[in-house]
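Everything below concerns the one structure shown next.
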Amino acid sequence: MSYERLTTGNAALLFVDHQTGLANGVQTQTPADFLNNVKALVPIAQIYKLSAIITTSVAGGPNGPVLPVVAQGLPDATVVHRPGEINAFDNADFAAAVKATGRKKLLIAGISTEVCVAFAALAAREAGYDVYAVLDASGNWSKLVEEAAIARMVQAGVVPITWVAVGAELLGHWQSATGEAHAKLMGDHLPFAGNIYASFLAAKGQA
């Protein structure tokens, strides 16, 4: 796949099964790191006006409701509650919602990496989308299983990526209109970046 950059006009963000019950099974990161990474992805959608779709699997059961950091951070996102389809794209409402965004590049994060992310990513590739798996905003119960899922996705043409790289590619230039909002985002979610942002504000006399 040729390198075509993510832009505000070509990318959509899909949150697949970020649910309270499923989050208990994330063992490939600490709970704090995982929630921080998911939470960082949310303002990226806001800053860059990305179409956002949230989907759940049997939210009324043990999988639980949408994580508050996602539900509260994206109140205007399209939400599709699946009654049981494991692959989100097997749900007609979800597939239609993704198509309705008009975006060709899909940023997919979810729980778990080897099922919820991988199955949706593979189906999206088959449907003709350019697909990016946001790995640090996704999680799994086993590192070995997660690595196998990543290898499977890469073989199918899915691009592995992180929230920092997503944001940086969308930003493009620190002098852009979103530069200060992006700097705050980085400062809020990466301690070293927070120090850099504090230095920037001090230099401007705003500290």
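Naming works like this for the structure tokens: A, B, ... for the chains as they're shown, residue 1 at the start of each chain, ligands 1 onward in shown order.
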
Practice problem: Could you find all residues in stretch 8-201 of chain A that DSSP calls alpha helix (DSSP H) from the backbone, and write them as number ranges by chain? | Solution: A: 20-23, 31-47, 68-71, 92-100, 118-126, 143-155, 163-171, 179-189, 191-201

For the selection you just gave me, I'd like the residues written to a file as a JSON list (two decimals), in the first residue's frame, keeping C-alpha atoms.
```json
[["chain", "number", "residue", "atom", "x", "y", "z"],
["A", 20, "THR", "CA", -16.15, -2.09, 31.12],
["A", 21, "GLY", "CA", -16.37, -5.86, 31.43],
["A", 22, "LEU", "CA", -14.05, -6.62, 28.54],
["A", 23, "ALA", "CA", -11.50, -4.11, 29.82],
["A", 31, "PRO", "CA", -4.85, -0.66, 33.37],
["A", 32, "ALA", "CA", -3.59, 2.90, 33.81],
["A", 33, "ASP", "CA", -1.59, 2.86, 30.57],
["A", 34, "PHE", "CA", -4.44, 1.32, 28.63],
["A", 35, "LEU", "CA", -7.01, 3.86, 29.83],
["A", 36, "ASN", "CA", -4.57, 6.70, 29.20],
["A", 37, "ASN", "CA", -4.04, 5.57, 25.62],
["A", 38, "VAL", "CA", -7.75, 5.13, 24.95],
["A", 39, "LYS", "CA", -8.48, 8.50, 26.52],
["A", 40, "ALA", "CA", -5.80, 10.14, 24.34],
["A", 41, "LEU", "CA", -7.46, 8.85, 21.19],
["A", 42, "VAL", "CA", -10.74, 10.55, 22.07],
["A", 43, "PRO", "CA", -9.57, 14.21, 21.81],
["A", 44, "ILE", "CA", -7.78, 13.35, 18.56],
["A", 45, "ALA", "CA", -11.23, 12.73, 17.09],
["A", 46, "GLN", "CA", -12.41, 16.04, 18.55],
["A", 47, "ILE", "CA", -9.42, 18.16, 17.51],
["A", 68, "PRO", "CA", -16.83, 6.25, 30.37],
["A", 69, "VAL", "CA", -13.68, 7.80, 28.87],
["A", 70, "VAL", "CA", -15.07, 6.97, 25.43],
["A", 71, "ALA", "CA", -18.79, 7.54, 25.98],
["A", 92, "ALA", "CA", -25.49, -4.30, 8.97],
["A", 93, "ASP", "CA", -26.04, -1.11, 10.98],
["A", 94, "PHE", "CA", -22.34, -0.86, 11.84],
["A", 95, "ALA", "CA", -21.22, -1.50, 8.27],
["A", 96, "ALA", "CA", -23.70, 1.12, 7.03],
["A", 97, "ALA", "CA", -22.54, 3.66, 9.62],
["A", 98, "VAL", "CA", -18.93, 3.21, 8.54],
["A", 99, "LYS", "CA", -19.87, 3.59, 4.87],
["A", 100, "ALA", "CA", -21.90, 6.70, 5.66],
["A", 118, "ALA", "CA", -8.48, -8.08, 13.97],
["A", 119, "PHE", "CA", -11.83, -9.35, 12.69],
["A", 120, "ALA", "CA", -13.12, -5.85, 11.99],
["A", 121, "ALA", "CA", -9.82, -4.84, 10.39],
["A", 122, "LEU", "CA", -9.75, -7.88, 8.11],
["A", 123, "ALA", "CA", -13.37, -7.35, 7.07],
["A", 124, "ALA", "CA", -12.72, -3.66, 6.40],
["A", 125, "ARG", "CA", -9.71, -4.51, 4.22],
["A", 126, "GLU", "CA", -11.87, -6.98, 2.29],
["A", 143, "LYS", "CA", 1.07, -10.83, 24.57],
["A", 144, "LEU", "CA", 1.66, -13.92, 22.44],
["A", 145, "VAL", "CA", -1.93, -13.92, 21.21],
["A", 146, "GLU", "CA", -1.74, -10.20, 20.50],
["A", 147, "GLU", "CA", 1.48, -10.62, 18.49],
["A", 148, "ALA", "CA", -0.15, -13.37, 16.42],
["A", 149, "ALA", "CA", -3.11, -11.08, 15.73],
["A", 150, "ILE", "CA", -0.82, -8.23, 14.68],
["A", 151, "ALA", "CA", 1.07, -10.53, 12.31],
["A", 152, "ARG", "CA", -2.20, -11.69, 10.78],
["A", 153, "MET", "CA", -3.41, -8.14, 10.27],
["A", 154, "VAL", "CA", -0.12, -6.95, 8.77],
["A", 155, "GLN", "CA", -0.17, -9.87, 6.31],
["A", 163, "TRP", "CA", -2.25, 7.22, 19.05],
["A", 164, "VAL", "CA", 0.86, 9.42, 19.05],
["A", 165, "ALA", "CA", 1.56, 8.61, 15.40],
["A", 166, "VAL", "CA", -2.10, 9.11, 14.46],
["A", 167, "GLY", "CA", -2.12, 12.53, 16.05],
["A", 168, "ALA", "CA", 1.23, 13.59, 14.62],
["A", 169, "GLU", "CA", 0.26, 12.60, 11.09],
["A", 170, "LEU", "CA", -2.99, 14.53, 11.35],
["A", 171, "LEU", "CA", -1.22, 17.55, 12.84],
["A", 179, "GLY", "CA", -0.96, 23.08, 17.12],
["A", 180, "GLU", "CA", -1.72, 24.36, 20.63],
["A", 181, "ALA", "CA", -4.64, 21.97, 21.14],
["A", 182, "HIS", "CA", -2.40, 19.13, 20.04],
["A", 183, "ALA", "CA", 0.38, 20.24, 22.38],
["A", 184, "LYS", "CA", -2.07, 20.18, 25.29],
["A", 185, "LEU", "CA", -3.22, 16.70, 24.25],
["A", 186, "MET", "CA", 0.37, 15.48, 24.30],
["A", 187, "GLY", "CA", 1.00, 17.14, 27.64],
["A", 188, "ASP", "CA", -2.09, 15.59, 29.17],
["A", 189, "HIS", "CA", -1.13, 12.05, 28.18],
["A", 191, "PRO", "CA", 4.58, 13.24, 31.03],
["A", 192, "PHE", "CA", 7.70, 14.26, 29.09],
["A", 193, "ALA", "CA", 5.55, 16.05, 26.55],
["A", 194, "GLY", "CA", 3.85, 17.86, 29.42],
["A", 195, "ASN", "CA", 7.23, 19.23, 30.47],
["A", 196, "ILE", "CA", 7.91, 20.41, 26.93],
["A", 197, "TYR", "CA", 4.49, 22.08, 26.77],
["A", 198, "ALA", "CA", 5.12, 23.80, 30.11],
["A", 199, "SER", "CA", 8.41, 25.14, 28.75],
["A", 200, "PHE", "CA", 6.59, 26.43, 25.68],
["A", 201, "LEU", "CA", 4.00, 28.23, 27.80]]
```

Find the residues around stretch 105-114 of chain A up to 6 Å (only C-alpha atoms counted), leave out those fewer than 4 positions away in its own chain, and share them as a short mmCIF file (atom, residue, chain, number, x, y, z; two decimals) with N, CA and C atoms, in the first residue's frame.
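New file part.cif:
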```
data_model
loop_
_atom_site.label_atom_id
_atom_site.label_comp_id
_atom_site.auth_asym_id
_atom_site.auth_seq_id
_atom_site.Cartn_x
_atom_site.Cartn_y
_atom_site.Cartn_z
N ASN A 10 -10.08 12.30 5.35
CA ASN A 10 -10.12 10.93 4.83
C ASN A 10 -10.19 9.85 5.91
N ALA A 11 -10.17 10.24 7.19
CA ALA A 11 -10.07 9.25 8.26
C ALA A 11 -11.30 9.22 9.17
N ALA A 12 -11.66 8.03 9.58
CA ALA A 12 -12.70 7.81 10.58
C ALA A 12 -12.12 6.95 11.70
N LEU A 13 -12.67 7.12 12.89
CA LEU A 13 -12.15 6.43 14.07
C LEU A 13 -13.23 5.49 14.61
N LEU A 14 -12.87 4.21 14.73
CA LEU A 14 -13.81 3.20 15.18
C LEU A 14 -13.38 2.63 16.53
N PHE A 15 -14.25 2.71 17.52
CA PHE A 15 -14.01 2.13 18.83
C PHE A 15 -14.84 0.85 18.93
N VAL A 16 -14.16 -0.30 18.95
CA VAL A 16 -14.86 -1.58 18.91
C VAL A 16 -14.77 -2.27 20.28
N ASP A 17 -15.89 -2.29 20.96
CA ASP A 17 -16.03 -3.04 22.21
C ASP A 17 -15.12 -2.55 23.33
N HIS A 18 -14.96 -1.25 23.44
CA HIS A 18 -14.31 -0.68 24.62
C HIS A 18 -15.35 -0.67 25.74
N ALA A 118 -8.95 -7.35 15.15
CA ALA A 118 -8.48 -8.08 13.97
C ALA A 118 -9.62 -8.44 13.03
N TYR A 129 -11.36 -0.75 2.35
CA TYR A 129 -10.86 0.38 3.14
C TYR A 129 -9.36 0.25 3.39
N ASP A 130 -8.72 1.39 3.59
CA ASP A 130 -7.37 1.41 4.15
C ASP A 130 -7.54 1.35 5.67
N VAL A 131 -6.86 0.41 6.31
CA VAL A 131 -7.13 0.15 7.72
C VAL A 131 -5.87 0.30 8.56
N TYR A 132 -6.03 0.97 9.70
CA TYR A 132 -4.96 1.17 10.67
C TYR A 132 -5.42 0.62 12.01
N ALA A 133 -4.64 -0.26 12.60
CA ALA A 133 -4.96 -0.80 13.93
C ALA A 133 -4.22 0.02 14.98
N VAL A 134 -4.98 0.73 15.80
CA VAL A 134 -4.37 1.58 16.83
C VAL A 134 -4.09 0.67 18.04
N ALA A 137 -4.23 1.64 21.96
CA ALA A 137 -5.58 1.88 22.46
C ALA A 137 -6.44 0.62 22.33
N SER A 138 -5.76 -0.50 22.15
CA SER A 138 -6.39 -1.81 22.10
C SER A 138 -5.71 -2.69 23.14
N GLY A 139 -6.29 -3.83 23.44
CA GLY A 139 -5.68 -4.66 24.47
C GLY A 139 -6.10 -6.11 24.37
N ASN A 140 -5.36 -6.94 25.09
CA ASN A 140 -5.54 -8.38 24.99
C ASN A 140 -5.12 -9.03 26.30
N GLU A 146 -1.69 -11.52 21.14
CA GLU A 146 -1.74 -10.20 20.50
C GLU A 146 -0.74 -10.12 19.35
N ALA A 149 -2.06 -11.88 16.37
CA ALA A 149 -3.11 -11.08 15.73
C ALA A 149 -2.50 -9.96 14.89
#
```

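All residues of stretch 27-104 of chain A that DSSP, run on the backbone, classes as strand (DSSP E or B) are A:Ser51, A:Ala52, A:Ile53, A:Ile54, A:Thr55, A:Thr56, A:Ser57, A:Val66, A:Thr78, A:Val79, A:Val80, A:His81, A:Arg82.
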
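Going from atom CA of A:Gln72 over to atom CA of A:Gln27, you cover 24.1 Å.
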
Exercise. Write out as a PyMOL selection string the residues lying within 8 Å of A:Arg82, counting only C-alpha atoms and excluding same-chain residues fewer than 5 positions away.
Key: chain A and resi 55-58+88+91

Those same residues - N, CA and C atoms - I'd like them written as a compact mmCIF listing (two decimals), in the first residue's frame.
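Result went into again04.txt, see below:
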```txt
# COMPACT_ATOMS: atom_id res chain seq x y z
N THR A 55 -18.98 0.95 18.84
CA THR A 55 -19.85 -0.22 18.80
C THR A 55 -19.60 -1.10 20.01
N THR A 56 -20.67 -1.76 20.47
CA THR A 56 -20.58 -2.65 21.63
C THR A 56 -21.10 -4.03 21.25
N SER A 57 -20.71 -5.01 22.03
CA SER A 57 -21.22 -6.37 21.89
C SER A 57 -21.96 -6.75 23.16
N VAL A 58 -23.26 -6.93 23.05
CA VAL A 58 -24.11 -7.35 24.17
C VAL A 58 -23.83 -6.48 25.40
N ALA A 88 -17.64 -6.99 13.98
CA ALA A 88 -18.52 -5.82 13.94
C ALA A 88 -19.10 -5.59 12.55
N ASN A 91 -22.51 -6.84 11.40
CA ASN A 91 -23.70 -6.11 11.78
C ASN A 91 -24.00 -5.06 10.71
```

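Between A:Cys116 and the residues A:Val159, A:Gln19, A:Thr28, A:Thr8, the shortest atom-to-atom distance, using only C-alpha atoms, involves A:Gln19.
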
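For the atom pair formed by atom CA of A:Val80 and atom CA of A:Lys49, the distance is 19.5 Å, given to one decimal.
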
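In this model, the gap between atom CA of A:Ile161 and atom CA of A:Leu135 comes to 6.2 Å.
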
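With distances taken over only C-alpha atoms, A:Val117 is the one residue among A:Val117, A:Ala202, A:Val79, A:Ala52 lying closest to A:Pro160.
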
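When only C-alpha atoms are used to compute distances to A:Gly61, the closest of the residues A:His81, A:His173, A:Asp90, A:Val26 turns out to be A:His81.
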